[in-house]
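Enquirer: Just one file: work.tsv, with TSV, C-alpha atoms and all ligand atoms.
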chain	number	residue	atom	x	y	z
A	1	MET	CA	0.00	0.00	0.00
A	2	LYS	CA	1.21	3.50	-0.79
A	3	THR	CA	2.11	5.61	2.23
A	4	LYS	CA	-0.19	8.56	2.90
A	5	VAL	CA	1.73	11.62	4.03
A	6	TYR	CA	-0.39	14.30	5.71
A	7	SER	CA	0.88	17.73	6.59
A	8	VAL	CA	-0.56	18.55	10.02
A	9	ASP	CA	-0.82	21.88	11.83
A	10	ARG	CA	1.39	21.51	14.87
A	11	TRP	CA	-0.72	23.62	17.22
A	12	ASN	CA	-4.18	22.77	15.82
A	13	PRO	CA	-3.94	19.31	14.30
A	14	GLU	CA	-6.72	18.85	11.69
A	15	SER	CA	-9.37	16.66	13.32
A	16	ASP	CA	-10.27	14.67	10.17
A	17	ILE	CA	-6.64	13.63	9.63
A	18	ILE	CA	-6.16	12.80	13.30
A	19	SER	CA	-9.32	10.64	13.42
A	20	GLU	CA	-8.25	8.79	10.25
A	21	ALA	CA	-4.87	8.07	11.85
A	22	GLY	CA	-6.55	6.94	15.09
A	23	LYS	CA	-8.86	4.59	13.20
A	24	ALA	CA	-5.92	3.20	11.20
A	25	ILE	CA	-4.21	2.31	14.49
A	26	ARG	CA	-7.31	0.45	15.75
A	27	ASP	CA	-7.36	-1.41	12.41
A	28	GLY	CA	-3.80	-2.64	12.99
A	29	ALA	CA	-1.90	-0.16	10.75
A	30	LEU	CA	1.43	1.63	11.31
A	31	VAL	CA	1.35	5.42	11.73
A	32	ALA	CA	4.46	7.60	12.03
A	33	PHE	CA	3.97	10.75	14.11
A	34	PRO	CA	6.01	13.63	15.52
A	35	THR	CA	6.82	13.82	19.22
A	36	GLU	CA	8.88	16.51	20.95
A	37	THR	CA	11.89	14.14	20.89
A	38	VAL	CA	11.95	12.41	17.44
A	39	TYR	CA	9.39	10.88	15.04
A	40	GLY	CA	7.83	7.65	16.33
A	41	LEU	CA	6.59	4.61	14.40
A	42	GLY	CA	3.32	3.79	16.14
A	43	ALA	CA	1.06	0.74	16.37
A	44	ASN	CA	-1.68	-0.40	18.75
A	45	GLY	CA	0.39	-1.42	21.79
A	46	LEU	CA	-2.19	-4.02	22.85
A	47	ASP	CA	-2.28	-5.74	19.44
A	48	ASP	CA	0.53	-8.27	19.12
A	49	LYS	CA	0.22	-8.56	15.33
A	50	ALA	CA	0.41	-4.80	14.81
A	51	VAL	CA	3.39	-4.51	17.16
A	52	ARG	CA	5.27	-7.18	15.21
A	53	LYS	CA	4.87	-5.05	12.09
A	54	ILE	CA	6.99	-2.36	13.78
A	55	PHE	CA	9.88	-4.80	14.25
A	56	ALA	CA	9.58	-5.99	10.65
A	57	ALA	CA	9.44	-2.46	9.19
A	58	LYS	CA	12.49	-1.27	11.15
A	59	GLY	CA	14.48	-4.49	11.08
A	60	ARG	CA	14.60	-4.11	14.86
A	61	PRO	CA	15.93	-6.97	17.00
A	62	VAL	CA	12.97	-8.55	18.80
A	63	ASP	CA	14.77	-8.47	22.15
A	64	ASN	CA	14.71	-4.65	22.13
A	65	PRO	CA	11.45	-3.63	23.88
A	66	LEU	CA	9.22	-0.69	22.90
A	67	ILE	CA	7.91	2.32	24.80
A	68	LEU	CA	4.11	2.66	25.21
A	69	HIS	CA	2.84	6.22	24.69
A	70	PHE	CA	-0.17	7.69	26.50
A	71	ALA	CA	-2.31	10.83	26.33
A	72	SER	CA	-2.80	10.97	30.12
A	73	PRO	CA	-1.01	9.56	33.22
A	74	GLU	CA	-4.20	7.81	34.43
A	75	ASP	CA	-4.25	5.60	31.34
A	76	VAL	CA	-0.94	4.01	32.38
A	77	GLU	CA	-2.74	2.04	35.14
A	78	GLN	CA	-4.20	-0.17	32.41
A	79	VAL	CA	-0.75	-1.58	31.50
A	80	ALA	CA	1.51	-1.12	34.56
A	81	TYR	CA	1.62	-1.10	38.37
A	82	VAL	CA	2.23	2.58	39.14
A	83	ASN	CA	4.02	3.31	42.43
A	84	GLU	CA	4.05	6.62	44.34
A	85	ARG	CA	7.44	7.69	43.04
A	86	ALA	CA	6.34	7.14	39.45
A	87	LYS	CA	3.18	9.18	40.12
A	88	LEU	CA	5.27	12.05	41.45
A	89	LEU	CA	7.58	11.97	38.41
A	90	MET	CA	4.59	11.90	36.04
A	91	ASP	CA	3.09	14.84	37.93
A	92	ILE	CA	6.22	16.93	37.53
A	93	PHE	CA	7.66	15.89	34.18
A	94	TRP	CA	4.74	14.73	32.04
A	95	PRO	CA	3.99	15.47	29.33
A	96	GLY	CA	7.69	15.45	28.41
A	97	PRO	CA	10.77	13.51	27.36
A	98	LEU	CA	10.91	11.15	30.37
A	99	THR	CA	10.16	7.42	30.05
A	100	LEU	CA	9.48	5.33	33.15
A	101	VAL	CA	10.04	1.57	33.39
A	102	LEU	CA	7.43	-0.06	35.66
A	103	PRO	CA	6.17	-3.58	36.47
A	104	VAL	CA	3.97	-4.72	33.58
A	105	LYS	CA	0.38	-6.06	33.67
A	106	SER	CA	-0.61	-9.10	31.65
A	107	ILE	CA	-2.71	-7.13	29.12
A	108	VAL	CA	0.54	-6.06	27.35
A	109	PRO	CA	1.74	-8.50	24.65
A	110	PRO	CA	5.29	-9.82	25.18
A	111	SER	CA	6.29	-8.43	21.77
A	112	VAL	CA	6.17	-4.95	23.41
A	113	THR	CA	8.24	-5.87	26.47
A	114	ALA	CA	10.55	-8.46	24.88
A	115	GLY	CA	9.21	-10.78	27.56
A	116	LEU	CA	10.66	-8.69	30.43
A	117	GLY	CA	8.54	-8.25	33.57
A	118	THR	CA	8.50	-4.52	33.00
A	119	VAL	CA	7.11	-2.00	30.51
A	120	ALA	CA	8.37	1.44	29.48
A	121	VAL	CA	5.76	4.26	29.45
A	122	ARG	CA	5.77	7.90	28.40
A	123	MET	CA	3.41	10.80	27.71
A	124	PRO	CA	4.77	13.01	24.91
A	125	SER	CA	4.07	16.75	24.91
A	126	HIS	CA	3.86	17.33	21.15
A	127	PRO	CA	0.29	18.50	20.34
A	128	VAL	CA	0.08	16.22	17.27
A	129	ALA	CA	1.23	13.19	19.31
A	130	MET	CA	-1.29	13.97	22.05
A	131	ALA	CA	-4.21	14.40	19.67
A	132	PHE	CA	-3.28	11.25	17.76
A	133	ILE	CA	-2.91	9.05	20.86
A	134	LYS	CA	-6.24	10.33	22.21
A	135	ALA	CA	-7.96	9.62	18.90
A	136	ALA	CA	-6.51	6.09	18.76
A	137	GLY	CA	-7.92	5.34	22.22
A	138	VAL	CA	-5.25	2.70	22.88
A	139	PRO	CA	-1.64	2.88	24.14
A	140	ILE	CA	0.66	3.50	21.17
A	141	ALA	CA	3.80	1.34	21.03
A	142	ALA	CA	6.41	3.40	19.23
A	143	PRO	CA	10.16	3.29	18.72
A	144	SER	CA	11.89	5.92	16.58
A	145	ALA	CA	10.65	5.78	12.97
A	146	ASN	CA	13.98	4.93	11.32
A	147	LYS	CA	15.53	1.73	10.00
A	148	SER	CA	17.27	0.04	12.93
A	149	GLY	CA	20.80	1.41	13.34
A	150	ARG	CA	20.20	4.65	11.40
A	151	PRO	CA	20.01	8.13	12.95
A	152	SER	CA	16.55	8.79	14.41
A	153	PRO	CA	14.27	10.92	12.21
A	154	THR	CA	13.66	14.48	13.30
A	155	GLU	CA	11.71	15.30	10.12
A	156	ALA	CA	8.94	13.46	8.25
A	157	SER	CA	11.05	13.26	5.07
A	158	SER	CA	13.60	11.07	6.90
A	159	VAL	CA	10.81	8.67	7.93
A	160	LEU	CA	9.72	8.31	4.32
A	161	ALA	CA	13.32	7.90	3.13
A	162	ASP	CA	14.02	5.12	5.67
A	163	LEU	CA	10.72	3.23	5.86
A	164	GLY	CA	8.72	4.21	2.78
A	165	ASP	CA	5.88	1.83	1.99
A	166	ALA	CA	6.17	-0.07	5.27
A	167	VAL	CA	4.30	2.82	6.96
A	168	ASP	CA	0.59	3.36	6.22
A	169	ILE	CA	0.34	7.00	7.33
A	170	ILE	CA	2.94	9.65	8.14
A	171	LEU	CA	1.76	12.71	10.10
A	172	ASP	CA	4.13	15.51	9.11
A	173	GLY	CA	4.18	18.06	11.92
A	174	GLY	CA	7.50	19.69	10.97
A	175	ALA	CA	10.85	19.31	12.72
A	176	THR	CA	10.88	17.88	16.25
A	177	ASP	CA	12.02	20.02	19.20
A	178	VAL	CA	14.54	18.13	21.35
A	179	GLY	CA	16.02	16.08	18.51
A	180	LEU	CA	17.17	13.21	20.78
A	181	GLU	CA	15.07	10.44	22.32
A	182	SER	CA	13.57	10.46	25.81
A	183	THR	CA	15.47	9.76	29.02
A	184	VAL	CA	14.62	6.23	30.23
A	185	ILE	CA	14.70	5.46	33.97
A	186	ASP	CA	13.83	2.32	35.90
A	187	VAL	CA	11.59	3.22	38.85
A	188	THR	CA	10.63	-0.32	39.87
A	189	ASP	CA	13.04	-0.29	42.85
A	190	LYS	CA	14.06	2.02	45.70
A	191	VAL	CA	17.05	3.23	43.69
A	192	VAL	CA	16.21	5.03	40.44
A	193	VAL	CA	18.43	3.75	37.62
A	194	LEU	CA	19.25	5.56	34.37
A	195	LEU	CA	18.78	3.16	31.43
A	196	ARG	CA	19.23	5.72	28.65
A	197	ALA	CA	20.26	9.37	28.79
A	198	GLY	CA	17.92	11.60	26.79
A	199	GLY	CA	15.92	14.79	26.50
A	200	MET	CA	15.22	15.16	30.24
A	201	PRO	CA	18.49	16.04	32.03
A	202	VAL	CA	19.38	13.68	34.91
A	203	GLU	CA	20.09	16.71	37.12
A	204	ARG	CA	16.41	17.68	36.97
A	205	ILE	CA	15.25	14.16	37.88
A	206	GLU	CA	17.70	14.12	40.80
A	207	GLU	CA	16.12	17.30	42.19
A	208	VAL	CA	12.96	15.20	42.70
A	209	VAL	CA	14.12	11.67	43.57
A	210	GLY	CA	17.67	12.17	44.86
A	211	ARG	CA	20.56	10.28	43.35
A	212	VAL	CA	19.99	8.52	40.02
A	213	VAL	CA	22.34	5.58	39.47
A	214	LEU	CA	24.27	5.46	36.19
A	215	LEU	CA	25.10	1.84	35.31
A	216	PRO	CA	28.52	0.77	34.07
A	217	GLY	CA	28.57	-0.34	30.39
A	218	GLU	CA	28.12	-4.12	30.74
A	219	GLU	CA	25.44	-3.82	33.42
A	220	LYS	CA	23.56	-1.27	31.27
A	221	LYS	CA	23.57	-3.63	28.28
A	222	LYS	CA	21.87	-6.26	30.46
A	223	ARG	CA	19.17	-3.96	31.84
A	224	SER	CA	18.64	-1.67	28.85
A	225	PRO	CA	18.42	-3.87	25.76
A	226	GLY	CA	18.52	-0.90	23.33
A	227	THR	CA	22.07	-0.07	24.39
A	228	ARG	CA	23.37	-3.45	23.14
A	229	TYR	CA	23.19	-2.39	19.52
A	230	ARG	CA	25.05	0.06	17.31
A	231	HIS	CA	22.66	2.89	16.71
A	232	TYR	CA	22.28	6.30	15.18
A	233	ALA	CA	25.13	5.73	12.71
A	234	PRO	CA	25.58	7.92	9.61
A	235	LEU	CA	26.65	6.16	6.40
A	236	ILE	CA	29.95	8.08	6.50
A	237	PRO	CA	32.62	7.18	9.13
A	238	LEU	CA	32.27	9.35	12.22
A	239	TYR	CA	35.16	10.45	14.45
A	240	LEU	CA	34.91	12.40	17.68
A	241	TRP	CA	36.91	15.49	18.61
A	242	LYS	CA	37.60	14.75	22.27
A	243	ASP	CA	41.22	15.75	22.25
A	244	ASP	CA	43.00	18.02	19.76
A	245	CYS	CA	45.19	15.03	18.79
A	246	ASP	CA	42.04	13.49	17.23
A	247	TRP	CA	42.58	15.86	14.28
A	248	LEU	CA	45.98	14.24	13.70
A	249	ARG	CA	44.70	10.62	13.52
A	250	PRO	CA	45.84	8.76	10.41
A	251	GLU	CA	42.16	8.15	9.43
A	252	VAL	CA	41.69	11.93	9.19
A	253	ALA	CA	44.81	12.83	7.18
A	254	GLY	CA	44.04	14.03	3.64
A	255	LYS	CA	40.27	13.38	3.98
A	256	ARG	CA	37.42	15.68	2.98
A	257	ILE	CA	35.85	16.48	6.33
A	258	GLY	CA	32.29	17.36	7.27
A	259	TYR	CA	32.28	18.97	10.72
A	260	ILE	CA	29.52	19.20	13.36
A	261	GLY	CA	29.90	21.03	16.66
A	262	MET	CA	29.72	24.22	18.68
A	263	LYS	CA	33.35	25.37	18.50
A	264	GLU	CA	35.00	26.30	15.20
A	265	PRO	CA	36.84	23.26	13.78
A	266	LEU	CA	40.54	23.03	14.57
A	267	HIS	CA	41.55	22.58	10.92
A	268	PRO	CA	40.01	23.55	7.56
A	269	VAL	CA	36.99	21.41	6.59
A	270	GLU	CA	34.84	20.99	3.44
A	271	GLU	CA	31.50	21.39	5.20
A	272	LYS	CA	30.57	22.58	8.67
A	273	ILE	CA	27.36	22.72	10.67
A	274	LEU	CA	27.73	24.87	13.79
A	275	PHE	CA	25.37	25.05	16.74
A	276	LYS	CA	25.16	27.83	19.35
A	277	THR	CA	24.35	25.73	22.42
A	278	PRO	CA	24.29	22.05	23.49
A	279	GLU	CA	20.47	22.16	23.12
A	280	TYR	CA	20.75	23.25	19.47
A	281	TYR	CA	23.46	20.63	18.95
A	282	ALA	CA	21.03	17.96	20.22
A	283	HIS	CA	18.19	19.39	18.14
A	284	GLY	CA	20.25	19.27	14.93
A	285	LEU	CA	22.57	16.29	15.42
A	286	PHE	CA	20.62	13.56	13.60
A	287	SER	CA	19.54	15.80	10.76
A	288	ALA	CA	23.15	17.02	10.40
A	289	PHE	CA	24.23	13.38	9.96
A	290	ARG	CA	21.65	12.92	7.22
A	291	VAL	CA	22.55	16.23	5.52
A	292	LEU	CA	26.28	15.40	5.51
A	293	GLU	CA	25.56	11.98	3.97
A	294	GLY	CA	24.44	13.87	0.88
A	295	ARG	CA	27.64	15.95	0.62
A	296	ASN	CA	30.94	15.23	-1.02
A	297	ILE	CA	32.94	14.31	2.08
A	298	ASP	CA	34.86	11.23	3.29
A	299	ILE	CA	34.44	11.48	7.04
A	300	ILE	CA	32.49	13.37	9.70
A	301	ILE	CA	34.16	14.87	12.76
A	302	ALA	CA	31.87	15.80	15.66
A	303	GLU	CA	32.76	17.81	18.73
A	304	TRP	CA	32.57	15.92	22.06
A	305	PRO	CA	30.45	18.17	24.33
A	306	GLU	CA	30.56	18.79	28.08
A	307	GLU	CA	28.67	16.17	30.09
A	308	ALA	CA	26.22	18.46	31.94
A	309	GLY	CA	22.50	18.69	31.05
A	310	ILE	CA	21.66	17.46	27.55
A	311	GLY	CA	25.42	16.83	27.08
A	312	LEU	CA	25.14	13.38	28.71
A	313	ALA	CA	22.61	12.27	26.05
A	314	LEU	CA	24.64	13.91	23.26
A	315	ARG	CA	27.73	11.97	24.40
A	316	ASP	CA	25.74	8.71	24.44
A	317	ARG	CA	24.40	9.21	20.88
A	318	LEU	CA	27.75	10.41	19.52
A	319	SER	CA	29.77	7.56	20.98
A	320	ARG	CA	27.30	4.95	19.76
A	321	ALA	CA	27.03	6.55	16.32
A	322	ALA	CA	30.83	6.40	16.12
A	323	GLY	CA	30.63	2.68	16.98
A	324	LEU	CA	32.47	3.12	20.28
A	325	GLY	CA	29.79	1.57	22.50
A	326	LYS	CA	29.61	3.16	25.95
B	1	LIG	P1	13.53	3.47	21.08
B	1	LIG	O1	12.14	3.00	21.05
B	1	LIG	O2	14.35	3.03	19.93
B	1	LIG	O3	13.66	4.91	21.41
B	1	LIG	O4	14.16	2.71	22.33
B	1	LIG	C1	13.46	2.50	23.52
B	1	LIG	C2	14.46	2.32	24.63
B	1	LIG	O5	13.77	1.98	25.83
B	1	LIG	C3	15.45	1.22	24.33
B	1	LIG	O6	16.73	1.60	24.80
B	1	LIG	C4	14.88	0.07	25.13
B	1	LIG	O7	15.85	-0.88	25.47
B	1	LIG	C5	14.32	0.79	26.35
B	1	LIG	N1	13.26	0.00	27.00
B	1	LIG	C6	12.00	-0.19	26.56
B	1	LIG	N2	11.32	-1.00	27.39
B	1	LIG	C7	12.16	-1.33	28.38
B	1	LIG	C8	12.06	-2.14	29.55
B	1	LIG	N3	10.94	-2.78	29.85
B	1	LIG	N4	13.16	-2.27	30.33
B	1	LIG	C9	14.31	-1.62	30.02
B	1	LIG	N5	14.46	-0.83	28.93
B	1	LIG	C10	13.42	-0.68	28.14
B	2	MG	MG	15.48	4.19	18.18
Using structure tokens, write down the structure from this file.
Expert:
Amino acid sequence: MKTKVYSVDRWNPESDIISEAGKAIRDGALVAFPTETVYGLGANGLDDKAVRKIFAAKGRPVDNPLILHFASPEDVEQVAYVNERAKLLMDIFWPGPLTLVLPVKSIVPPSVTAGLGTVAVRMPSHPVAMAFIKAAGVPIAAPSANKSGRPSPTEASSVLADLGDAVDIILDGGATDVGLESTVIDVTDKVVVLLRAGGMPVERIEEVVGRVVLLPGEEKKKRSPGTRYRHYAPLIPLYLWKDDCDWLRPEVAGKRIGYIGMKEPLHPVEEKILFKTPEYYAHGLFSAFRVLEGRNIDIIIAEWPEEAGIGLALRDRLSRAAGLGK
């Protein structure tokens, strides 16, 4: 079936388009939609067959569980056991780029959770996402709407380029805001554990729940399946500018360089995309990868940012895109 691409007003999503998308979800279709983080590839999160289509379309490993998206915190009770700490976090940070991992109820098909005893839940703040989830009337299972391993899409055109006919409807609400995925934390236990850095800075979560534990690499891979895989990678080799010596690496010598970062590059480059702040860097990182893929360059060099705030998530995406793991 040919993909329908609808341009949607971000602030006043057209109700006929939104109800068509909601009905398509109830009929088992795949709908890509904008959130404040990146574009999601959505299916009815309670329909095992529809959820499996997501994995097939993306080429996503089946042991990498999905996040369920809701239009209100109360609706989460249907799929998960919500403790007091989770309620407090929802109260303060939802709608927003924070995903909570909670004990799962049996209504959720194991294709969503990869058979774990937990489920990841989030309420996005993007008006198109909210209207669409409400219209669907079911939790929306949605990973990022890219082919597995590619940079996440921050624009509808990237969804179409990556997934094309595998998606039934694409809601084009313009460029996303944050540009990186949500922060994922496990709140099943007394200690809150960071499973994936993202759009919500850890410092802000710590103001509410006290210390958040960052897991060492191997432990994280066990508890956060998504971090096992190479991700976010541009088609052109990516190197990081952590130390000025990185510009002198043999892989860099004599190459046409595309540069991404906040500081001016240390040496002359063919193409450069500069950002004013870490937030703009996050907002533009994935689209910069895709833009540079279309340019006549051999390698990309990206600046390694400070760790504070959104910098922790930027570091995670950059190191995994460069194939360095973390
Ligand atoms: P994506 O949908 O590609 O943005 O990735 C979702 C992220 O949430 C991945 O890193 C998953 O491993 C993680 N995730 C989803 N569900 C769970 C869960 N039940 N336990 C731990 N991590 C989860
Ligand atoms: Mg993803």
Enquirer: Figure out the distance between CA of Lys220 (chain A) and CA of Ala43 (chain A), please, to one decimal in Å.
Expert: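 So the two atoms, CA of Ala43 (chain A) and CA of Lys220 (chain A), lie 27.1 Å apart.
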Enquirer: Within 8 Å of ligand MG 2 (chain B), counting all atoms listed in the file: which residues, as a VMD selection string?
Expert: chain A and resid 143 to 146 148 to 149 151 to 152 181 226 231 to 232
Enquirer: Hey, could you pull the box centre and edge lengths for region 153-157 of chain A, axis-aligned, 8 Å padding per side, all listed atoms, to one decimal in Å, as AutoDock Vina command-line options?
Expert:
--center_x 11.6 --center_y 13.1 --center_z 9.2 --size_x 21.3 --size_y 20.4 --size_z 24.2
Enquirer: Would you pick out the contacts of region 82-92 of chain A at 12 Å or less, using all atoms listed in the file, so that residues sharing its chain but fewer than 5 positions from it are not included, and give the list as a ChimeraX atom specification?
Expert: /A:70-77,97-105,118-124,185-192,200,204-210
Enquirer: Those selected residues, please, written with C-alpha atoms and delivered as a compact mmCIF listing (two decimals), in the frame of the given file.
Expert:
# COMPACT_ATOMS: atom_id res chain seq x y z
CA PHE A 70 -0.17 7.69 26.50
CA ALA A 71 -2.31 10.83 26.33
CA SER A 72 -2.80 10.97 30.12
CA PRO A 73 -1.01 9.56 33.22
CA GLU A 74 -4.20 7.81 34.43
CA ASP A 75 -4.25 5.60 31.34
CA VAL A 76 -0.94 4.01 32.38
CA GLU A 77 -2.74 2.04 35.14
CA PRO A 97 10.77 13.51 27.36
CA LEU A 98 10.91 11.15 30.37
CA THR A 99 10.16 7.42 30.05
CA LEU A 100 9.48 5.33 33.15
CA VAL A 101 10.04 1.57 33.39
CA LEU A 102 7.43 -0.06 35.66
CA PRO A 103 6.17 -3.58 36.47
CA VAL A 104 3.97 -4.72 33.58
CA LYS A 105 0.38 -6.06 33.67
CA THR A 118 8.50 -4.52 33.00
CA VAL A 119 7.11 -2.00 30.51
CA ALA A 120 8.37 1.44 29.48
CA VAL A 121 5.76 4.26 29.45
CA ARG A 122 5.77 7.90 28.40
CA MET A 123 3.41 10.80 27.71
CA PRO A 124 4.77 13.01 24.91
CA ILE A 185 14.70 5.46 33.97
CA ASP A 186 13.83 2.32 35.90
CA VAL A 187 11.59 3.22 38.85
CA THR A 188 10.63 -0.32 39.87
CA ASP A 189 13.04 -0.29 42.85
CA LYS A 190 14.06 2.02 45.70
CA VAL A 191 17.05 3.23 43.69
CA VAL A 192 16.21 5.03 40.44
CA MET A 200 15.22 15.16 30.24
CA ARG A 204 16.41 17.68 36.97
CA ILE A 205 15.25 14.16 37.88
CA GLU A 206 17.70 14.12 40.80
CA GLU A 207 16.12 17.30 42.19
CA VAL A 208 12.96 15.20 42.70
CA VAL A 209 14.12 11.67 43.57
CA GLY A 210 17.67 12.17 44.86
Enquirer: Could you list, as a PyMOL selection string, every residue within 12 Å of Arg10 (chain A), counting all atoms listed in the file and ignoring same-chain residues fewer than 5 positions away?
Expert: chain A and resi 15+18+33-36+125-132+171-177
Enquirer: May I ask for the distance between CA of Gly261 (chain A) and CA of Thr227 (chain A), given in Å to one decimal place?
Expert: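 Result for CA of Gly261 (chain A) versus CA of Thr227 (chain A): 23.8 Å, one decimal.
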Enquirer: To one decimal place in Å, what is the distance between CA of Thr183 (chain A) and atom C9 of ligand LIG 1 (chain B)?
Expert: 11.5 Å
Enquirer: I'd like to know which of A:Pro265, A:Lys221, A:Phe286, A:Val202 is closest to Ala308 (chain A), using all atoms listed in the file.
Expert: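 For Ala308 (chain A), the nearest of the given residues is A:Val202.
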Enquirer: For a quick check of understanding, using only C-alpha atoms and all ligand atoms, which of A:Ala57, A:Val184, A:Val167, A:Ile133 has the smallest distance to ligand LIG 1 (chain B)?
Expert: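 Once distances to ligand LIG 1 (chain B) are computed over only C-alpha atoms and all ligand atoms, the minimum belongs to A:Val184.
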Enquirer: I want to know what sits within 12 Å of Leu238 (chain A), based on only C-alpha atoms, with residues of the same chain fewer than 2 positions away left out; could you give that as a VMD selection string?
Expert: chain A and resid 232 to 236 240 to 241 246 251 to 252 257 to 260 289 292 to 293 297 to 304 317 to 324
Enquirer: Ranking A:Gly28, A:Gly137, A:Pro225, A:Gly198 by minimum distance to ligand LIG 1 (chain B) and counting all atoms listed in the file, which one comes first?
Expert: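 Distance minimum relative to ligand LIG 1 (chain B) lands on A:Pro225.
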Enquirer: Please complete region 194-200 of chain A with all heavy atoms and give it back as a compact mmCIF listing (two decimals), in the coordinates of the input.
Expert:
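Output (selection_13.txt):
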# COMPACT_ATOMS: atom_id res chain seq x y z
N LEU A 194 19.29 4.99 35.72
CA LEU A 194 19.25 5.56 34.37
C LEU A 194 19.55 4.45 33.36
O LEU A 194 20.61 3.84 33.38
CB LEU A 194 20.31 6.66 34.22
CG LEU A 194 20.36 7.31 32.83
CD1 LEU A 194 19.15 8.22 32.62
CD2 LEU A 194 21.65 8.10 32.63
N LEU A 195 18.58 4.18 32.46
CA LEU A 195 18.78 3.16 31.43
C LEU A 195 19.21 3.77 30.11
O LEU A 195 19.84 3.12 29.29
CB LEU A 195 17.49 2.35 31.22
CG LEU A 195 17.01 1.56 32.44
CD1 LEU A 195 15.71 0.84 32.13
CD2 LEU A 195 18.07 0.57 32.91
N ARG A 196 18.80 5.02 29.85
CA ARG A 196 19.23 5.72 28.65
C ARG A 196 19.16 7.22 28.91
O ARG A 196 18.12 7.71 29.31
CB ARG A 196 18.32 5.37 27.47
CG ARG A 196 18.71 6.15 26.19
CD ARG A 196 17.85 5.82 25.01
NE ARG A 196 16.51 6.37 25.13
CZ ARG A 196 15.53 6.14 24.26
NH1 ARG A 196 15.75 5.35 23.21
NH2 ARG A 196 14.34 6.69 24.42
N ALA A 197 20.29 7.91 28.68
CA ALA A 197 20.26 9.37 28.79
C ALA A 197 19.42 9.91 27.65
O ALA A 197 19.32 9.28 26.58
CB ALA A 197 21.68 9.92 28.72
N GLY A 198 18.78 11.07 27.84
CA GLY A 198 17.92 11.60 26.79
C GLY A 198 17.52 13.03 27.05
O GLY A 198 18.23 13.77 27.75
N GLY A 199 16.36 13.40 26.50
CA GLY A 199 15.92 14.79 26.50
C GLY A 199 15.71 15.41 27.87
O GLY A 199 15.77 16.63 28.01
N MET A 200 15.40 14.60 28.89
CA MET A 200 15.22 15.16 30.24
C MET A 200 16.54 15.01 31.00
O MET A 200 16.98 13.89 31.29
CB MET A 200 14.11 14.38 30.97
CG MET A 200 13.79 14.89 32.36
SD MET A 200 13.19 16.58 32.35
CE MET A 200 11.59 16.36 31.57
